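This is work.cif. It holds mmCIF, C-alpha atoms.
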```cif
data_upload
#
loop_
_atom_site.label_atom_id
_atom_site.label_comp_id
_atom_site.auth_asym_id
_atom_site.auth_seq_id
_atom_site.Cartn_x
_atom_site.Cartn_y
_atom_site.Cartn_z
CA MET A 111 106.46 130.94 107.97
CA ASP A 112 103.60 128.44 108.10
CA PHE A 113 101.73 127.69 111.27
CA LYS A 114 102.11 124.07 112.37
CA ASP A 115 99.07 122.43 113.89
CA TYR A 116 100.73 119.89 116.15
CA TYR A 117 97.40 118.48 117.29
CA ALA A 118 96.41 117.71 113.73
CA VAL A 119 99.84 116.16 113.05
CA LEU A 120 99.35 113.77 115.96
CA GLY A 121 95.67 113.28 115.15
CA VAL A 122 94.48 114.20 118.64
CA SER A 123 92.10 116.82 119.96
CA GLU A 124 93.19 119.94 121.76
CA SER A 125 91.97 118.48 125.02
CA ALA A 126 93.87 115.19 124.60
CA SER A 127 95.48 113.82 127.76
CA PRO A 128 99.26 113.29 127.88
CA GLU A 129 98.54 109.56 127.75
CA GLU A 130 96.51 109.93 124.52
CA ILE A 131 99.23 112.06 122.98
CA LYS A 132 101.90 109.53 123.82
CA LYS A 133 99.81 106.68 122.49
CA SER A 134 99.05 108.44 119.24
CA TYR A 135 102.68 109.46 118.77
CA ARG A 136 103.92 105.92 119.31
CA LYS A 137 101.43 104.49 116.87
CA LEU A 138 102.13 107.04 114.15
CA ALA A 139 105.89 106.84 114.70
CA ARG A 140 105.74 103.13 113.94
CA LYS A 141 103.59 103.77 110.92
CA TYR A 142 105.64 106.56 109.39
CA HIS A 143 109.14 105.56 110.41
CA PRO A 144 111.17 106.01 107.21
CA ASP A 145 112.69 102.56 107.64
CA VAL A 146 109.26 100.98 107.88
CA SER A 147 106.87 103.01 105.75
CA LYS A 148 106.67 102.70 101.99
CA GLU A 149 105.08 106.10 101.58
CA GLY A 150 107.17 108.60 99.68
CA ASN A 151 106.76 111.43 102.18
CA ALA A 152 107.42 109.27 105.26
CA ASP A 153 110.60 111.22 106.07
CA GLU A 154 108.71 114.48 106.21
CA LYS A 155 105.82 113.01 108.18
CA PHE A 156 108.10 111.39 110.70
CA LYS A 157 109.97 114.65 111.22
CA ASP A 158 106.69 116.50 111.79
CA LEU A 159 105.59 113.85 114.26
CA GLY A 160 108.80 114.15 116.27
CA GLU A 161 108.46 117.91 116.34
CA ALA A 162 104.80 117.83 117.35
CA TYR A 163 105.49 115.32 120.10
CA GLU A 164 108.48 117.26 121.37
CA VAL A 165 106.16 120.19 122.03
CA LEU A 166 102.97 118.47 123.15
CA LYS A 167 104.59 115.98 125.54
CA ASP A 168 106.08 118.81 127.58
CA PRO A 169 103.38 120.60 129.65
CA GLU A 170 105.32 123.86 129.61
CA LYS A 171 105.90 123.89 125.85
CA ARG A 172 102.37 122.69 125.24
CA GLY A 173 101.00 125.58 127.32
CA GLU A 174 103.01 128.08 125.33
CA TYR A 175 102.01 126.47 122.08
CA ASP A 176 98.32 126.59 123.06
CA GLN A 177 98.66 130.33 123.68
CA LEU A 178 100.24 130.81 120.28
CA ARG A 179 97.61 128.70 118.67
CA LYS A 180 94.90 130.98 120.06
CA TYR A 181 96.82 133.94 118.72
CA GLY A 182 96.44 131.99 115.58
CA ALA A 183 97.43 131.62 112.01
CA GLN A 184 96.71 134.38 109.54
CA ALA A 185 94.17 133.94 106.78
CA ASP A 186 96.81 132.80 104.26
CA GLY A 187 98.10 130.13 106.62
CA SER A 188 101.26 132.05 107.40
CA PHE A 189 102.21 132.80 110.93
CA GLN A 190 104.13 135.38 112.91
CA PRO A 191 104.64 135.08 116.66
CA PRO A 192 103.22 137.89 118.80
CA PRO A 193 105.62 140.81 119.27
CA GLY A 194 108.01 140.21 122.12
CA TRP A 195 107.40 136.46 122.15
CA HIS A 196 109.97 134.57 124.14
CA SER A 197 109.83 130.92 125.12
CA GLU A 198 110.65 129.94 128.69
CA SER A 199 110.90 126.29 127.85
CA GLY A 200 112.92 126.27 124.66
CA PHE A 201 116.13 124.67 123.61
CA GLY A 202 118.06 127.92 123.82
CA GLY A 203 118.37 127.76 127.59
CA GLY A 204 120.60 124.75 127.31
CA GLY A 205 118.06 122.34 128.78
CA TYR A 206 118.58 118.71 128.09
CA THR A 207 116.55 117.05 125.39
CA ASP A 208 116.99 113.79 123.56
CA ALA A 209 115.32 115.11 120.46
CA ASP A 210 117.35 115.97 117.43
CA SER A 211 116.11 119.51 117.05
CA ARG A 212 118.28 120.17 113.99
CA GLN A 213 115.57 118.46 112.01
CA PHE A 214 112.75 120.69 113.20
CA SER A 215 110.92 123.36 111.24
CA ASP A 216 111.38 127.12 111.12
CA PHE A 217 108.15 127.37 113.01
CA PHE A 218 109.61 125.32 115.86
CA GLU A 219 112.83 127.32 115.79
CA GLN A 220 110.90 130.57 115.97
CA MET A 221 108.79 129.37 118.89
CA PHE A 222 111.23 127.44 120.98
CA GLY A 223 114.70 128.08 119.61
CA GLY A 224 116.51 130.36 122.04
CA GLY A 225 118.49 132.52 119.66
CA GLN A 226 121.17 132.83 122.33
CA GLY A 227 124.62 131.32 122.48
CA PRO A 228 126.00 129.17 119.73
CA GLY A 229 122.60 127.76 118.95
CA ARG A 230 120.91 124.46 119.10
CA GLY A 231 122.55 121.17 118.53
CA ALA A 232 126.02 122.48 117.92
CA GLY A 233 127.48 121.27 121.18
CA GLY A 234 128.35 124.75 122.46
CA GLY A 235 131.71 125.17 124.10
CA PHE A 236 132.79 121.61 123.51
CA ARG A 237 133.41 122.23 119.89
CA GLN A 238 137.03 123.21 120.12
CA ASN A 239 138.00 120.06 121.96
CA VAL A 240 135.92 117.47 120.20
CA ARG A 241 137.17 115.78 117.10
CA MET A 242 134.51 113.84 115.30
CA ARG A 243 134.11 112.20 111.96
CA GLY A 244 131.30 113.75 109.90
CA GLU A 245 128.06 111.86 109.44
CA ASP A 246 127.54 109.48 106.56
CA VAL A 247 124.67 110.73 104.44
CA ARG A 248 122.26 108.44 102.64
CA ALA A 249 120.55 109.10 99.35
CA ARG A 250 118.49 107.09 96.91
CA LEU A 251 119.03 107.03 93.19
CA PRO A 252 116.42 105.66 90.81
CA LEU A 253 117.89 104.37 87.55
CA PHE A 254 116.32 103.19 84.32
CA LEU A 255 117.18 99.71 83.17
CA GLU A 256 119.00 101.13 80.13
CA GLU A 257 121.17 103.20 82.47
CA VAL A 258 121.95 100.17 84.57
CA PHE A 259 123.00 98.32 81.43
CA ASN A 260 125.23 100.95 79.94
CA GLY A 261 126.35 102.91 82.96
CA THR A 262 125.52 106.61 83.10
CA GLU A 263 126.21 109.99 84.61
CA LYS A 264 123.69 111.23 87.13
CA GLN A 265 123.06 114.17 89.38
CA VAL A 266 122.55 113.24 93.01
CA SER A 267 121.01 115.81 95.36
CA PHE A 268 121.07 115.47 99.11
CA ALA A 269 121.13 117.54 102.30
CA VAL A 270 124.18 117.76 104.53
CA HIS A 271 124.08 119.10 108.08
CA GLU A 272 126.98 121.35 108.88
CA ALA A 273 127.88 124.21 111.19
CA ASP A 274 127.63 127.75 109.81
CA LYS A 275 129.88 130.65 110.88
CA GLN A 276 127.88 131.15 114.07
CA GLY A 277 128.25 127.49 114.91
CA ARG A 278 124.62 126.74 114.23
CA ILE A 279 123.80 123.49 112.49
CA VAL A 280 122.17 124.16 109.16
CA ALA A 281 121.09 121.93 106.32
CA ARG A 282 122.89 122.57 103.04
CA GLN A 283 121.61 121.16 99.77
CA LYS A 284 124.39 119.55 97.78
CA THR A 285 124.35 118.32 94.21
CA LEU A 286 127.01 116.09 92.74
CA LYS A 287 127.52 114.69 89.29
CA VAL A 288 128.28 111.03 89.61
CA LYS A 289 129.51 108.45 87.16
CA ILE A 290 127.53 105.25 87.61
CA PRO A 291 129.20 102.08 86.34
CA ALA A 292 127.27 99.52 84.29
CA GLY A 293 125.67 96.51 85.95
CA MET A 294 124.38 97.98 89.23
CA ARG A 295 121.65 95.99 90.94
CA GLU A 296 118.66 97.17 92.93
CA GLY A 297 119.59 97.74 96.56
CA GLN A 298 123.32 97.99 95.87
CA HIS A 299 125.21 100.88 97.43
CA LEU A 300 127.62 103.36 95.95
CA ARG A 301 130.07 105.18 98.15
CA LEU A 302 131.37 108.68 97.52
CA LYS A 303 134.20 109.10 99.95
CA GLY A 304 134.25 112.33 101.90
CA GLN A 305 131.05 113.74 100.37
CA GLY A 306 128.96 113.39 103.54
CA ALA A 307 128.78 115.86 106.40
CA PRO A 308 132.02 117.67 107.29
CA GLY A 309 133.88 116.48 110.38
CA ILE A 310 134.00 118.46 113.60
CA GLY A 311 137.27 119.77 115.02
CA GLY A 312 139.34 118.54 112.13
CA GLY A 313 137.68 115.12 111.95
CA ALA A 314 137.36 113.44 108.56
CA PRO A 315 134.20 114.13 106.56
CA GLY A 316 131.57 111.38 106.30
CA ASP A 317 130.73 109.54 103.12
CA LEU A 318 127.73 109.73 100.84
CA LEU A 319 126.10 106.33 100.51
CA VAL A 320 123.79 106.05 97.54
CA GLU A 321 121.32 103.21 97.29
CA VAL A 322 120.38 102.23 93.77
CA GLU A 323 116.74 101.73 92.86
CA LEU A 324 115.45 100.39 89.62
CA ALA A 325 112.56 102.19 87.92
CA PRO A 326 109.93 99.85 86.47
CA HIS A 327 110.36 99.14 82.76
CA PRO A 328 107.34 98.68 80.47
CA LEU A 329 108.82 95.60 78.78
CA PHE A 330 111.46 94.06 80.98
CA SER A 331 111.49 93.04 84.61
CA VAL A 332 114.58 92.12 86.58
CA GLU A 333 115.09 89.07 88.80
CA GLY A 334 118.47 89.16 90.46
CA ARG A 335 120.85 89.42 87.51
CA ASP A 336 118.35 88.08 84.99
CA VAL A 337 116.14 90.18 82.73
CA VAL A 338 112.69 88.77 82.01
CA VAL A 339 110.54 89.61 79.01
CA THR A 340 107.23 88.19 77.80
CA VAL A 341 107.06 87.64 74.03
CA PRO A 342 103.88 86.73 72.13
CA VAL A 343 103.97 84.09 69.40
CA ALA A 344 101.34 83.04 66.86
CA PRO A 345 99.71 79.62 67.40
CA TRP A 346 101.34 78.26 64.22
CA GLU A 347 104.76 79.53 65.33
CA ALA A 348 104.27 77.69 68.62
CA ALA A 349 103.03 74.55 66.89
CA LEU A 350 105.53 74.37 64.04
CA GLY A 351 108.51 76.07 65.58
CA ALA A 352 109.90 79.35 64.22
CA THR A 353 112.73 81.84 64.39
CA ILE A 354 111.47 85.08 65.91
CA THR A 355 113.02 88.41 66.85
CA VAL A 356 112.86 89.32 70.53
CA PRO A 357 113.88 92.57 72.20
CA THR A 358 116.88 92.74 74.50
CA VAL A 359 117.78 95.83 76.49
CA GLY A 360 118.89 98.34 73.87
CA SER A 361 118.92 95.82 71.02
CA LYS A 362 117.26 92.69 69.61
CA VAL A 363 118.18 89.14 68.90
CA ASN A 364 116.85 86.19 66.89
CA VAL A 365 115.57 83.24 68.86
CA LYS A 366 114.42 79.78 67.84
CA VAL A 367 111.02 78.81 69.18
CA PRO A 368 110.96 75.01 69.53
CA LYS A 369 108.26 73.01 67.81
CA GLY A 370 105.26 72.29 70.04
CA THR A 371 105.67 75.21 72.46
CA SER A 372 102.96 75.90 75.05
CA SER A 373 102.22 79.30 76.57
CA GLY A 374 104.52 80.09 79.48
CA ARG A 375 107.52 78.21 78.10
CA LYS A 376 110.77 79.88 79.09
CA LEU A 377 113.81 80.30 76.89
CA ARG A 378 117.13 81.34 78.41
CA LEU A 379 119.48 83.66 76.51
CA LYS A 380 122.85 83.19 78.17
CA GLY A 381 124.69 86.34 79.15
CA LYS A 382 122.01 88.74 77.92
CA GLY A 383 121.02 89.78 81.47
CA LEU A 384 122.62 92.45 83.65
CA PRO A 385 126.26 92.99 82.66
CA GLY A 386 129.05 92.43 85.17
CA LYS A 387 131.70 89.98 86.25
CA HIS A 388 129.02 87.28 86.24
CA PRO A 389 126.51 88.58 83.70
CA GLY A 390 122.90 87.43 84.07
CA ASP A 391 120.69 85.83 81.43
CA GLN A 392 117.63 87.04 79.62
CA ILE A 393 114.57 84.89 80.18
CA VAL A 394 112.01 84.95 77.40
CA ILE A 395 108.53 83.81 78.40
CA LEU A 396 106.55 82.78 75.36
CA GLN A 397 102.88 83.50 75.22
CA ILE A 398 100.54 82.32 72.50
CA ALA A 399 98.54 85.17 71.01
CA ILE A 400 95.44 84.76 68.90
CA PRO A 401 94.26 87.33 66.33
CA GLU A 402 91.16 89.15 67.48
CA GLN A 403 89.36 88.15 64.31
CA HIS A 404 89.99 85.25 62.00
CA SER A 405 89.18 85.22 58.33
CA ALA A 406 86.57 82.76 57.12
CA GLU A 407 89.42 80.85 55.51
CA ALA A 408 91.30 80.58 58.82
CA GLU A 409 88.17 79.46 60.66
CA LYS A 410 87.71 76.72 58.11
CA LEU A 411 91.30 75.59 58.64
CA TYR A 412 90.82 75.62 62.43
CA LYS A 413 87.78 73.42 62.05
CA GLN A 414 89.84 70.99 60.01
CA LEU A 415 92.53 71.12 62.68
CA ALA A 416 90.00 70.40 65.42
CA GLU A 417 88.88 67.37 63.49
CA ALA A 418 92.41 66.12 62.91
CA GLU A 419 93.48 66.61 66.56
CA LYS A 420 90.37 65.17 68.21
CA ALA A 421 92.45 63.07 70.57
CA PHE A 422 94.05 66.12 72.21
CA ASN A 423 92.41 67.13 75.47
CA PRO A 424 94.00 70.31 76.86
CA ARG A 425 92.02 69.84 80.10
CA SER A 426 93.03 66.27 80.77
CA LYS A 427 94.59 67.23 84.12
CA LEU A 428 91.48 68.92 85.44
CA HIS A 429 89.65 65.63 86.23
CA LEU A 430 86.48 66.69 84.46
CA MET B 216 128.75 125.68 93.45
CA SER B 217 131.94 124.00 92.30
CA ASP B 218 130.46 120.62 93.25
CA ASN B 219 128.34 120.88 90.15
CA ASN B 220 131.11 120.95 87.65
CA SER B 221 133.22 117.91 88.32
CA ILE B 222 132.06 114.38 87.69
CA LEU B 223 132.86 112.04 90.53
CA THR B 224 133.56 108.39 90.09
CA VAL B 225 131.92 106.24 92.67
CA GLU B 226 133.07 103.17 94.50
CA VAL B 227 130.60 100.34 94.12
CA MET B 228 130.09 98.54 97.35
CA ASP B 229 129.11 94.94 97.27
CA SER B 230 129.84 92.01 99.47
CA ASP B 231 133.08 91.14 97.72
CA GLY B 232 134.17 94.79 97.78
CA SER B 233 134.79 97.18 100.63
CA THR B 234 134.79 96.07 104.23
CA PHE B 235 134.97 97.89 107.54
CA THR B 236 136.69 96.95 110.78
CA LEU B 237 134.79 96.87 114.07
CA HIS B 238 136.32 100.24 114.93
CA GLU B 239 135.19 101.72 111.62
CA VAL B 240 131.61 100.48 111.89
CA CYS B 241 131.40 101.86 115.43
CA GLU B 242 132.61 105.23 114.23
CA ARG B 243 130.24 105.27 111.28
CA GLY B 244 127.31 103.88 113.23
CA GLU B 245 128.05 106.24 116.14
CA CYS B 246 127.80 103.42 118.62
CA HIS B 247 129.92 101.39 121.02
CA ALA B 248 131.57 98.11 120.12
CA GLU B 249 129.37 96.41 122.73
CA PHE B 250 126.30 97.35 120.70
CA VAL B 251 127.78 95.89 117.52
CA ILE B 252 128.83 92.73 119.37
CA LYS B 253 125.27 92.39 120.68
CA LEU B 254 123.82 92.85 117.19
CA VAL B 255 126.10 90.09 115.99
CA SER B 256 125.12 87.79 118.85
CA TYR B 257 121.45 88.36 118.06
CA GLY B 258 122.12 87.58 114.41
CA ILE B 259 121.04 91.06 113.32
CA ILE B 260 124.28 91.65 111.44
CA ALA B 261 127.14 89.29 110.71
CA PRO B 262 130.83 89.85 110.01
CA VAL B 263 132.16 88.51 106.74
CA GLU B 264 133.98 85.75 108.62
CA PRO B 265 132.10 85.09 111.82
CA THR B 266 134.56 82.55 113.15
CA VAL B 267 137.41 84.92 113.93
CA GLU B 268 137.49 86.88 117.19
CA ALA B 269 135.72 90.23 117.44
CA ARG B 270 138.89 92.32 117.12
CA GLN B 271 139.44 90.94 113.63
CA TRP B 272 135.87 91.20 112.40
CA LEU B 273 135.22 92.79 109.02
CA PHE B 274 131.77 93.98 107.95
CA ASP B 275 130.49 94.58 104.45
CA VAL B 276 128.43 97.57 103.40
CA ALA B 277 125.14 95.71 103.78
CA ALA B 278 125.99 95.07 107.44
CA LEU B 279 126.84 98.74 107.89
CA ALA B 280 123.56 99.83 106.32
CA ARG B 281 121.75 97.42 108.62
CA LEU B 282 123.60 98.76 111.64
CA HIS B 283 122.48 102.28 110.71
CA LYS B 284 118.93 101.05 110.36
CA ALA B 285 119.07 99.25 113.71
CA ARG B 286 120.38 102.42 115.36
CA ARG B 287 117.57 104.52 113.89
CA LEU B 288 114.87 102.07 114.89
CA GLN B 289 116.29 101.74 118.38
CA ARG B 290 116.52 105.48 118.82
CA ASP B 291 113.18 106.43 117.26
CA LEU B 292 110.98 103.57 118.39
CA LYS B 293 112.78 102.69 121.64
CA MET B 294 113.21 99.05 120.67
CA ASN B 295 115.13 96.46 122.59
CA LEU B 296 117.42 93.95 120.89
CA PRO B 297 115.02 91.02 120.48
CA GLY B 298 112.43 93.46 119.11
CA LEU B 299 115.02 94.93 116.75
CA ALA B 300 116.06 91.51 115.51
CA MET B 301 112.51 90.51 114.77
CA SER B 302 111.53 93.85 113.19
CA LEU B 303 114.52 93.85 110.88
CA GLU B 304 113.80 90.31 109.76
CA LEU B 305 110.16 91.15 109.13
CA LEU B 306 111.08 94.36 107.33
CA ASP B 307 113.42 92.39 105.06
CA GLU B 308 110.65 89.95 104.35
CA VAL B 309 108.18 92.76 103.66
CA GLN B 310 110.64 94.41 101.29
CA ASP B 311 111.27 91.16 99.42
CA MET B 312 107.57 90.55 99.15
CA ARG B 313 106.82 94.06 97.94
CA ARG B 314 109.42 93.64 95.21
CA GLU B 315 108.06 90.24 94.31
CA VAL B 316 104.49 91.54 94.16
CA ASP B 317 105.58 94.45 91.96
CA ARG B 318 107.45 92.12 89.67
CA LEU B 319 104.65 89.59 89.44
CA SER B 320 101.95 92.16 88.86
CA ARG B 321 103.98 93.65 86.04
CA GLN B 322 104.47 90.20 84.57
CA LEU B 323 100.77 89.50 84.91
CA GLN B 324 100.00 92.78 83.21
CA GLN B 325 102.19 91.73 80.30
CA LEU B 326 100.56 88.33 80.07
CA THR B 327 97.06 89.74 79.98
CA ARG B 328 97.91 92.63 77.70
CA GLU B 329 96.22 92.81 74.32
CA TRP B 330 98.90 92.52 71.66
#
```
Would you mind writing the file out in structure tokens?
Amino acid sequence: MDFKDYYAVLGVSESASPEEIKKSYRKLARKYHPDVSKEGNADEKFKDLGEAYEVLKDPEKRGEYDQLRKYGAQADGSFQPPPGWHSESGFGGGGYTDADSRQFSDFFEQMFGGGQGPGRGAGGGFRQNVRMRGEDVRARLPLFLEEVFNGTEKQVSFAVHEADKQGRIVARQKTLKVKIPAGMREGQHLRLKGQGAPGIGGGAPGDLLVEVELAPHPLFSVEGRDVVVTVPVAPWEAALGATITVPTVGSKVNVKVPKGTSSGRKLRLKGKGLPGKHPGDQIVILQIAIPEQHSAEAEKLYKQLAEAEKAFNPRSKLHL
Amino acid sequence: MSDNNSILTVEVMDSDGSTFTLHEVCERGECHAEFVIKLVSYGIIAPVEPTVEARQWLFDVAALARLHKARRLQRDLKMNLPGLAMSLELLDEVQDMRREVDRLSRQLQQLTREW
């Protein structure tokens, strides 16, 4: 078991006043709230914060924790409580707390979990009488664009809180194989009925709600139902018009570049976007590319061109 | 674990798909109907057809997800309803902008790439 430095988690000194601790907790809680933060480990950080604050805001728990802290972590960072350690302030005594202690670490459990009765968070003697639907569980599922196009089968892993034989609430890791239909969009939800947390007292199990995320693609980006791709063309293709091959997701298609195309011109390929009842389009953004080096012959031709097109001022709108 | 072996087919939830009654969203959001009614009156979530009376309200999955989010923010950050309404709107805006920035910077990268 690792020692948890609650002062470090809250970014306060050992001598911090209750007011400083509260202030720091509130600030960090806003910063790392999983619904607010974009950091990947926000969930973990927010849990640690809640746990640290639960201990440090309570003078009794804080006192006990300070004692343990002096007793200290071992050289390898692991920690064992002193022999005969027993918390007077813990959750085991049945004291009221508004914190969701199921989320807390082993370290917390060892320090402040009572180890008596049916354990924390399980609702004790009420359990026989209460009938409750299990919690809905949320998970995120990143998909590649190709998978979104064709549909796919994916493994989804998530944690479910459920009561063990002793009635203690424990987290169980679950993995499901899921068939994802084609045409999902970023932010859309999938529901797996009854795959959430089990119900209590015969209540129905909750659902698993999976939110789809789209992994960035090196070539294509997605706007709503449309797929956008930038395609380079040679100056002469842009000037004279041409038929070019452009990539689509998983395939390619021939496209006519109109005569006299400028960089940034958009072509719309109907129905080549995300599949579905109302399929999106593919937007091709044309971009004029110039060879890094021209041959002497080409330079001569460009000079002729410059002479022939003297009247053209590409910067006419810049009021120079 | 037997869960591993079978392949489950999912139900895709979008606005023209599954809906939940007021009772169902309360059960799933672990909250009272009064709370949901308040969220609706503050414009934080909206039933599919807002004109009908509360007993007949139906909510789509986006509204349910938002209710969950509102519950978490209220519980964890001790927010009141006007604060919740504003935070959720700002968070939506931030999320849209982050996506837009990602998309545009990728597009820009493509435009400035050496071919």
Taking all atoms listed in the file into account, which residues of chain A are within 7 Å of chain B, as a ChimeraX atom specification?
/A:140,145-146,246,285-290,298-302,331,340
Atom CA of A:Glu154 to atom CA of A:Tyr175: how many Å, to one decimal?
21.0 Å
What does the PyMOL selection byres ((chain A and resi 167) around 10) select in this file, as a list in words?
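Written out, the selection comes to Ser127, Pro128, Glu129, Ile131, Lys132, Tyr135, Ala162, Tyr163, Glu164, Val165, Leu166, Asp168, Pro169, Glu170, Lys171 and Arg172 of chain A.
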Apply the PyMOL selection byres ((chain B and resi 274) around 6) to the file shown and report the selected residues as a list of chain:residue names.
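So the PyMOL selection byres ((chain B and resi 274) around 6) ends up selecting B:Thr234, B:Phe235, B:Pro262, B:Val263, B:Leu273, B:Asp275, B:Ala278.
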List as number ranges by chain the residues having at least one atom at most 9 Å from position (122.2, 97.6, 89.7) as given in the file, counting all atoms listed in the file.
A: 253, 255, 258-259, 291-299, 322-324, 335, 384
Neighbours of B:Trp272 within 12 Å (all atoms listed in the file; same-chain residues fewer than 6 positions away dropped), as a short mmCIF file (atom, residue, chain, number, x, y, z; two decimals) with C-alpha atoms, in the coordinates of the input?
```
data_model
loop_
_atom_site.label_atom_id
_atom_site.label_comp_id
_atom_site.auth_asym_id
_atom_site.auth_seq_id
_atom_site.Cartn_x
_atom_site.Cartn_y
_atom_site.Cartn_z
CA THR B 234 134.79 96.07 104.23
CA PHE B 235 134.97 97.89 107.54
CA THR B 236 136.69 96.95 110.78
CA LEU B 237 134.79 96.87 114.07
CA HIS B 238 136.32 100.24 114.93
CA GLU B 239 135.19 101.72 111.62
CA VAL B 240 131.61 100.48 111.89
CA CYS B 241 131.40 101.86 115.43
CA ALA B 248 131.57 98.11 120.12
CA VAL B 251 127.78 95.89 117.52
CA ILE B 252 128.83 92.73 119.37
CA VAL B 255 126.10 90.09 115.99
CA ILE B 260 124.28 91.65 111.44
CA ALA B 261 127.14 89.29 110.71
CA PRO B 262 130.83 89.85 110.01
CA VAL B 263 132.16 88.51 106.74
CA GLU B 264 133.98 85.75 108.62
CA PRO B 265 132.10 85.09 111.82
CA THR B 266 134.56 82.55 113.15
CA ALA B 278 125.99 95.07 107.44
#
```
Atom CA of A:Ala352 to atom CA of A:His327, straight-line distance in Å
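Answer for the atom CA of A:His327 to atom CA of A:Ala352 separation: 27.1 Å.
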Running the PyMOL selection byres ((chain A and resi 394) around 7) on this model by hand, what would come out? Give it as a VMD selection string.
chain A and resid 338 to 341 376 to 378 392 to 393 395 to 396
Save the residues we just selected, C-alpha atoms, as a compact mmCIF listing (two decimals), in the coordinates of the input?
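Written file, out-v9.txt:
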```
# COMPACT_ATOMS: atom_id res chain seq x y z
CA VAL A 338 112.69 88.77 82.01
CA VAL A 339 110.54 89.61 79.01
CA THR A 340 107.23 88.19 77.80
CA VAL A 341 107.06 87.64 74.03
CA LYS A 376 110.77 79.88 79.09
CA LEU A 377 113.81 80.30 76.89
CA ARG A 378 117.13 81.34 78.41
CA GLN A 392 117.63 87.04 79.62
CA ILE A 393 114.57 84.89 80.18
CA ILE A 395 108.53 83.81 78.40
CA LEU A 396 106.55 82.78 75.36
```
What is the atom CA of A:Ala399 to atom CA of A:Val343 distance in Å?
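Spanning atom CA of A:Ala399 to atom CA of A:Val343 is a straight-line distance of 5.8 Å.
When only C-alpha atoms are used to compute distances to A:Leu159, the closest of the residues A:Trp346, A:Tyr116, A:Phe422, A:Tyr412 turns out to be A:Tyr116.
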Contacts of A:Ala348 at 7 Å or less, counting all atoms listed in the file, minus same-chain residues fewer than 4 places along, as a list in words?
Val343, Ala344, Val367, Lys369, Gly370, Thr371 and Ser372 of chain A
